[in-house]
Amino acid sequence: MTLATAQLTLPPKAMIGMVHVRALPGVPACALALDQTVELAATEAGELARAGFDAIIIENMHDRPYLLGDVGPEITASMTAAAIAVRRAVGCPLGVQVLAGANRQALAVALAGGADFIRAEGFVFSHVADEGVFATADAGRLLRYRKMIGAEHIAVIADIKKKHSSHAITSDVDLAETARAAQFFGADGVVVTGTATATPARVEDVRDASTAIQIPTWVGSGVTPENLPDLWPHADAFIVGSYIKKNGAWDQPLDGERITKLLEAARRTDSLKSPTDSPAR
């Protein structure tokens, strides 16, 4: 039995396009007025939705170096403005991630902005990230907060053994057990990544997670047309941010040719794989 309460409706093998919202007010890289940043986010989201992505997620990746959990109210307010604009631009499911580990802020943004899910870091187990130590697992606080604000319809998709982190302190807890812990603690799905942005997740890791749990398994980094067929049988959704940019670099503009190539690969793979290739749930 799981604690998961949110029902996120996505097609099987969903392709999820990432919008890297430009640097927000107060961070070192901020170079645009907020209205320009919001407009760009909505424009990119619309382009991805029209191209055929099944869902969109927005993330403040340009806000480096990241604060650990305690982002300022200006970030929460700015991401809310972006979420509202993107929600008006697209009709597909919408997700929010606020770096780094600002899960409750992301949930507040999602509720105010009409989004359907958040991507959460540090949901179960401690780890050391490049922002610092995630000393306390966030599941208990996050799901109590979701209940308190009446946001139980918003799904929480939790990273496990997340990228840009050291997991030496939990080296005796494998990925499958981490996935089971996330399910036990109430995640609505898990995200498996490689070691860094644009680094592919290992097929074995995605397989191990998906076979260990009954909730969906998403791939969260390094998806390309070349590795999609290998990952396809073991995952329920694929978040793509870097590949669909110029030269495959996350901080570059969207590349229409790469978007087309990726989505064509997804359609081709889907037509070749039988329903029995999907992970058992």
# chains A, B, ... in the order shown; residues from 1 in each chain; ligands from 1
>>> residues_around(residues="Gly95 of chain A", least_positions_apart="2", cutoff="6 Å", atoms="only C-alpha atoms", output="VMD selection string")
chain A and resid 57 115 to 118
>>> write_last_selection(atoms="N, CA and C atoms", output="PDB file, in the first residue's frame")
ATOM      1  N   ILE A  57       7.585  21.213 -17.484  1.00  0.00           N
ATOM      2  CA  ILE A  57       8.013  21.538 -16.131  1.00  0.00           C
ATOM      3  C   ILE A  57       8.892  22.787 -16.196  1.00  0.00           C
ATOM      4  N   ALA A 115      -0.505  24.500 -11.384  1.00  0.00           N
ATOM      5  CA  ALA A 115       0.304  23.380 -11.870  1.00  0.00           C
ATOM      6  C   ALA A 115      -0.188  22.061 -11.283  1.00  0.00           C
ATOM      7  N   ASP A 116       0.313  20.980 -11.837  1.00  0.00           N
ATOM      8  CA  ASP A 116      -0.200  19.649 -11.511  1.00  0.00           C
ATOM      9  C   ASP A 116       0.763  18.787 -10.704  1.00  0.00           C
ATOM     10  N   PHE A 117       2.050  19.121 -10.737  1.00  0.00           N
ATOM     11  CA  PHE A 117       3.028  18.318  -9.997  1.00  0.00           C
ATOM     12  C   PHE A 117       4.248  19.162  -9.672  1.00  0.00           C
ATOM     13  N   ILE A 118       5.013  18.691  -8.679  1.00  0.00           N
ATOM     14  CA  ILE A 118       6.316  19.275  -8.404  1.00  0.00           C
ATOM     15  C   ILE A 118       7.370  18.181  -8.464  1.00  0.00           C
TER      16      ILE A 118
END
>>> select_by_dssp(residues="segment 54-102 of chain A", states="helix (DSSP H, G or I)", output="mmCIF file with N, CA and C atoms, in the first residue's frame")
data_model
loop_
_atom_site.group_PDB
_atom_site.id
_atom_site.type_symbol
_atom_site.label_atom_id
_atom_site.label_comp_id
_atom_site.auth_asym_id
_atom_site.auth_seq_id
_atom_site.Cartn_x
_atom_site.Cartn_y
_atom_site.Cartn_z
ATOM 1 N N MET A 61 16.826 26.943 -13.017
ATOM 2 C CA MET A 61 18.201 26.462 -13.084
ATOM 3 C C MET A 61 19.214 27.584 -13.296
ATOM 4 N N HIS A 62 18.795 28.697 -13.880
ATOM 5 C CA HIS A 62 19.716 29.811 -14.098
ATOM 6 C C HIS A 62 20.045 30.559 -12.798
ATOM 7 N N ASP A 63 19.428 30.170 -11.698
ATOM 8 C CA ASP A 63 19.639 30.881 -10.428
ATOM 9 C C ASP A 63 20.905 30.461 -9.691
ATOM 10 N N PRO A 73 11.648 35.131 -0.771
ATOM 11 C CA PRO A 73 10.272 35.298 -1.267
ATOM 12 C C PRO A 73 10.216 35.827 -2.686
ATOM 13 N N GLU A 74 11.268 36.547 -3.108
ATOM 14 C CA GLU A 74 11.294 37.054 -4.481
ATOM 15 C C GLU A 74 11.361 35.911 -5.497
ATOM 16 N N ILE A 75 12.024 34.807 -5.120
ATOM 17 C CA ILE A 75 12.108 33.651 -6.025
ATOM 18 C C ILE A 75 10.751 32.952 -6.104
ATOM 19 N N THR A 76 10.131 32.747 -4.963
ATOM 20 C CA THR A 76 8.809 32.113 -4.946
ATOM 21 C C THR A 76 7.804 32.946 -5.730
ATOM 22 N N ALA A 77 7.824 34.267 -5.521
ATOM 23 C CA ALA A 77 6.885 35.139 -6.229
ATOM 24 C C ALA A 77 7.154 35.139 -7.727
ATOM 25 N N SER A 78 8.428 35.166 -8.107
ATOM 26 C CA SER A 78 8.781 35.193 -9.528
ATOM 27 C C SER A 78 8.421 33.888 -10.224
ATOM 28 N N MET A 79 8.678 32.773 -9.556
ATOM 29 C CA MET A 79 8.310 31.481 -10.144
ATOM 30 C C MET A 79 6.789 31.346 -10.251
ATOM 31 N N THR A 80 6.057 31.940 -9.321
ATOM 32 C CA THR A 80 4.598 31.929 -9.421
ATOM 33 C C THR A 80 4.140 32.697 -10.645
ATOM 34 N N ALA A 81 4.756 33.864 -10.881
ATOM 35 C CA ALA A 81 4.419 34.643 -12.075
ATOM 36 C C ALA A 81 4.703 33.842 -13.342
ATOM 37 N N ALA A 82 5.840 33.134 -13.352
ATOM 38 C CA ALA A 82 6.179 32.303 -14.513
ATOM 39 C C ALA A 82 5.183 31.166 -14.683
ATOM 40 N N ALA A 83 4.819 30.519 -13.572
ATOM 41 C CA ALA A 83 3.874 29.402 -13.645
ATOM 42 C C ALA A 83 2.517 29.857 -14.182
ATOM 43 N N ILE A 84 2.052 30.998 -13.726
ATOM 44 C CA ILE A 84 0.763 31.513 -14.196
ATOM 45 C C ILE A 84 0.814 31.785 -15.698
ATOM 46 N N ALA A 85 1.906 32.389 -16.162
ATOM 47 C CA ALA A 85 2.040 32.690 -17.589
ATOM 48 C C ALA A 85 2.125 31.418 -18.419
ATOM 49 N N VAL A 86 2.877 30.442 -17.937
ATOM 50 C CA VAL A 86 2.992 29.177 -18.659
ATOM 51 C C VAL A 86 1.657 28.440 -18.665
ATOM 52 N N ARG A 87 0.963 28.478 -17.537
ATOM 53 C CA ARG A 87 -0.346 27.813 -17.471
ATOM 54 C C ARG A 87 -1.305 28.411 -18.497
ATOM 55 N N ARG A 88 -1.234 29.702 -18.709
ATOM 56 C CA ARG A 88 -2.095 30.336 -19.721
ATOM 57 C C ARG A 88 -1.685 29.953 -21.135
ATOM 58 N N ALA A 89 -0.396 29.627 -21.305
ATOM 59 C CA ALA A 89 0.130 29.335 -22.641
ATOM 60 C C ALA A 89 -0.087 27.893 -23.068
#
>>> residues_around(residues="segment 251-263 of chain A", least_positions_apart="3", cutoff="8 Å", atoms="only C-alpha atoms", output="PDB file with N, CA and C atoms, in the first residue's frame")
ATOM      1  N   MET A  15       6.503  12.257 -22.506  1.00  0.00           N
ATOM      2  CA  MET A  15       7.656  13.108 -22.774  1.00  0.00           C
ATOM      3  C   MET A  15       7.394  14.473 -22.146  1.00  0.00           C
ATOM      4  N   HIS A  20      13.832  26.021 -18.634  1.00  0.00           N
ATOM      5  CA  HIS A  20      14.762  26.599 -17.675  1.00  0.00           C
ATOM      6  C   HIS A  20      14.496  28.103 -17.603  1.00  0.00           C
ATOM      7  N   GLU A  44       8.617  29.586 -24.550  1.00  0.00           N
ATOM      8  CA  GLU A  44       9.276  28.284 -24.681  1.00  0.00           C
ATOM      9  C   GLU A  44       8.304  27.144 -24.368  1.00  0.00           C
ATOM     10  N   LEU A  48       7.196  24.033 -26.894  1.00  0.00           N
ATOM     11  CA  LEU A  48       7.337  22.623 -26.547  1.00  0.00           C
ATOM     12  C   LEU A  48       6.000  21.892 -26.611  1.00  0.00           C
ATOM     13  N   ALA A  51       4.956  21.343 -30.158  1.00  0.00           N
ATOM     14  CA  ALA A  51       5.791  20.326 -30.800  1.00  0.00           C
ATOM     15  C   ALA A  51       5.331  18.916 -30.467  1.00  0.00           C
ATOM     16  N   GLY A  52       4.636  18.757 -29.326  1.00  0.00           N
ATOM     17  CA  GLY A  52       4.111  17.448 -28.985  1.00  0.00           C
ATOM     18  C   GLY A  52       4.512  16.893 -27.641  1.00  0.00           C
ATOM     19  N   PHE A  53       5.184  17.690 -26.804  1.00  0.00           N
ATOM     20  CA  PHE A  53       5.476  17.209 -25.456  1.00  0.00           C
ATOM     21  C   PHE A  53       4.178  17.020 -24.682  1.00  0.00           C
ATOM     22  N   HIS A  62      18.795  28.697 -13.880  1.00  0.00           N
ATOM     23  CA  HIS A  62      19.716  29.811 -14.098  1.00  0.00           C
ATOM     24  C   HIS A  62      20.045  30.559 -12.798  1.00  0.00           C
ATOM     25  N   THR A 224      18.296  11.208 -24.714  1.00  0.00           N
ATOM     26  CA  THR A 224      18.594  11.546 -26.107  1.00  0.00           C
ATOM     27  C   THR A 224      17.865  10.573 -27.027  1.00  0.00           C
ATOM     28  N   PRO A 225      17.780  10.884 -28.314  1.00  0.00           N
ATOM     29  CA  PRO A 225      17.173   9.916 -29.240  1.00  0.00           C
ATOM     30  C   PRO A 225      17.912   8.586 -29.257  1.00  0.00           C
ATOM     31  N   SER A 242      18.248  19.404 -21.602  1.00  0.00           N
ATOM     32  CA  SER A 242      19.488  19.779 -22.293  1.00  0.00           C
ATOM     33  C   SER A 242      19.471  19.412 -23.772  1.00  0.00           C
ATOM     34  N   TYR A 243      19.056  18.186 -24.096  1.00  0.00           N
ATOM     35  CA  TYR A 243      19.164  17.732 -25.486  1.00  0.00           C
ATOM     36  C   TYR A 243      18.422  18.655 -26.443  1.00  0.00           C
ATOM     37  N   ILE A 244      17.315  19.209 -26.031  1.00  0.00           N
ATOM     38  CA  ILE A 244      16.471  19.995 -26.939  1.00  0.00           C
ATOM     39  C   ILE A 244      16.935  21.446 -27.087  1.00  0.00           C
ATOM     40  N   LYS A 245      18.102  21.765 -26.528  1.00  0.00           N
ATOM     41  CA  LYS A 245      18.685  23.101 -26.680  1.00  0.00           C
ATOM     42  C   LYS A 245      19.800  23.077 -27.737  1.00  0.00           C
ATOM     43  N   LYS A 246      20.179  24.239 -28.208  1.00  0.00           N
ATOM     44  CA  LYS A 246      21.277  24.347 -29.173  1.00  0.00           C
ATOM     45  C   LYS A 246      22.512  23.638 -28.619  1.00  0.00           C
ATOM     46  N   ASN A 247      23.090  22.779 -29.448  1.00  0.00           N
ATOM     47  CA  ASN A 247      24.289  22.030 -29.090  1.00  0.00           C
ATOM     48  C   ASN A 247      24.103  21.140 -27.856  1.00  0.00           C
ATOM     49  N   GLY A 248      22.876  20.900 -27.464  1.00  0.00           N
ATOM     50  CA  GLY A 248      22.615  20.057 -26.312  1.00  0.00           C
ATOM     51  C   GLY A 248      23.024  20.675 -24.992  1.00  0.00           C
ATOM     52  N   ALA A 266      10.855   9.146 -30.001  1.00  0.00           N
ATOM     53  CA  ALA A 266       9.881   8.627 -29.034  1.00  0.00           C
ATOM     54  C   ALA A 266       8.735   7.918 -29.748  1.00  0.00           C
ATOM     55  N   ARG A 267       8.229   8.531 -30.813  1.00  0.00           N
ATOM     56  CA  ARG A 267       7.126   7.904 -31.555  1.00  0.00           C
ATOM     57  C   ARG A 267       7.577   6.607 -32.213  1.00  0.00           C
TER      58      ARG A 267
END
>>> residues_around(residues="Glu177 of chain A", least_positions_apart="2", cutoff="10 Å", atoms="only C-alpha atoms", output="compact mmCIF listing (two decimals) with N, CA and C atoms, in the first residue's frame")
# COMPACT_ATOMS: atom_id res chain seq x y z
N ILE A 160 15.55 10.45 -6.45
CA ILE A 160 16.23 9.51 -5.57
C ILE A 160 17.69 9.39 -6.01
N ASP A 172 25.18 2.14 1.74
CA ASP A 172 24.66 0.80 2.06
C ASP A 172 23.18 0.68 1.76
N VAL A 173 22.58 1.74 1.21
CA VAL A 173 21.18 1.73 0.80
C VAL A 173 21.14 1.87 -0.71
N ASP A 174 20.74 0.81 -1.41
CA ASP A 174 20.80 0.85 -2.87
C ASP A 174 19.63 1.64 -3.45
N LEU A 175 19.67 1.80 -4.77
CA LEU A 175 18.66 2.63 -5.44
C LEU A 175 17.26 2.05 -5.29
N ALA A 179 14.06 3.86 -3.66
CA ALA A 179 12.77 4.00 -4.35
C ALA A 179 11.63 3.48 -3.48
N ARG A 180 11.85 2.34 -2.83
CA ARG A 180 10.80 1.80 -1.96
C ARG A 180 10.53 2.74 -0.79
N ALA A 181 11.58 3.37 -0.25
CA ALA A 181 11.38 4.32 0.85
C ALA A 181 10.57 5.53 0.39
N ALA A 182 10.85 6.02 -0.81
CA ALA A 182 10.09 7.15 -1.34
C ALA A 182 8.62 6.78 -1.51
N GLN A 183 8.36 5.59 -2.01
CA GLN A 183 6.98 5.13 -2.13
C GLN A 183 6.32 5.02 -0.75
N ASP A 208 16.04 -1.02 -12.01
CA ASP A 208 15.99 -1.44 -10.61
C ASP A 208 14.93 -0.66 -9.84
N ALA A 209 14.83 0.64 -10.12
CA ALA A 209 13.82 1.45 -9.44
C ALA A 209 12.42 1.03 -9.86
N ALA A 212 11.07 -2.14 -8.40
CA ALA A 212 10.96 -2.18 -6.95
C ALA A 212 9.69 -1.54 -6.41
N ILE A 213 9.01 -0.75 -7.24
CA ILE A 213 7.90 0.07 -6.74
C ILE A 213 6.68 -0.05 -7.65
>>> select_by_dssp(residues="segment 12-217 of chain A", states="strand (DSSP E or B)", output="VMD selection string")
chain A and resid 14 to 20 55 to 59 94 to 97 117 to 120 127 to 129 132 to 134 155 to 159 165 to 166 189 to 192 217
>>> closest_residue(among="A:Glu131, A:Pro229, A:Ala158, A:Lys13", to="Leu68 of chain A", atoms="only C-alpha atoms")
A:Glu131
>>> atom_distance(atom1="atom CA of Leu142 of chain A", atom2="atom CA of Arg64 of chain A")
23.4 Å
>>> decode(residues="segment 113-148 of chain A", atoms="C-alpha atoms", output="mmCIF file, in the first residue's frame")
data_model
loop_
_atom_site.group_PDB
_atom_site.id
_atom_site.type_symbol
_atom_site.label_atom_id
_atom_site.label_comp_id
_atom_site.auth_asym_id
_atom_site.auth_seq_id
_atom_site.Cartn_x
_atom_site.Cartn_y
_atom_site.Cartn_z
ATOM 1 C CA GLY A 113 -0.049 28.842 -10.609
ATOM 2 C CA GLY A 114 -2.421 25.999 -11.432
ATOM 3 C CA ALA A 115 0.304 23.380 -11.870
ATOM 4 C CA ASP A 116 -0.200 19.649 -11.511
ATOM 5 C CA PHE A 117 3.028 18.318 -9.997
ATOM 6 C CA ILE A 118 6.316 19.275 -8.404
ATOM 7 C CA ARG A 119 9.750 17.685 -8.616
ATOM 8 C CA ALA A 120 11.173 17.368 -5.103
ATOM 9 C CA GLU A 121 14.763 16.946 -3.921
ATOM 10 C CA GLY A 122 15.785 15.411 -0.612
ATOM 11 C CA PHE A 123 12.475 13.616 -0.133
ATOM 12 C CA VAL A 124 14.028 10.591 1.596
ATOM 13 C CA PHE A 125 17.499 10.029 3.114
ATOM 14 C CA SER A 126 20.257 12.563 3.661
ATOM 15 C CA HIS A 127 22.900 13.336 1.080
ATOM 16 C CA VAL A 128 25.588 15.892 0.307
ATOM 17 C CA ALA A 129 24.802 18.107 -2.672
ATOM 18 C CA ASP A 130 26.930 20.793 -4.267
ATOM 19 C CA GLU A 131 24.759 23.306 -2.396
ATOM 20 C CA GLY A 132 25.507 21.647 0.949
ATOM 21 C CA VAL A 133 24.118 18.941 3.198
ATOM 22 C CA PHE A 134 20.506 17.824 2.859
ATOM 23 C CA ALA A 135 20.483 16.800 6.507
ATOM 24 C CA THR A 136 16.763 16.144 6.960
ATOM 25 C CA ALA A 137 14.521 14.205 4.616
ATOM 26 C CA ASP A 138 11.696 16.480 3.494
ATOM 27 C CA ALA A 139 8.840 13.995 3.048
ATOM 28 C CA GLY A 140 7.244 14.542 6.451
ATOM 29 C CA ARG A 141 7.262 18.319 6.315
ATOM 30 C CA LEU A 142 6.353 18.516 2.642
ATOM 31 C CA LEU A 143 3.332 16.230 2.732
ATOM 32 C CA ARG A 144 2.031 17.857 5.915
ATOM 33 C CA TYR A 145 2.351 21.213 4.186
ATOM 34 C CA ARG A 146 0.543 19.852 1.115
ATOM 35 C CA LYS A 147 -2.303 18.725 3.361
ATOM 36 C CA MET A 148 -2.391 22.029 5.233
#
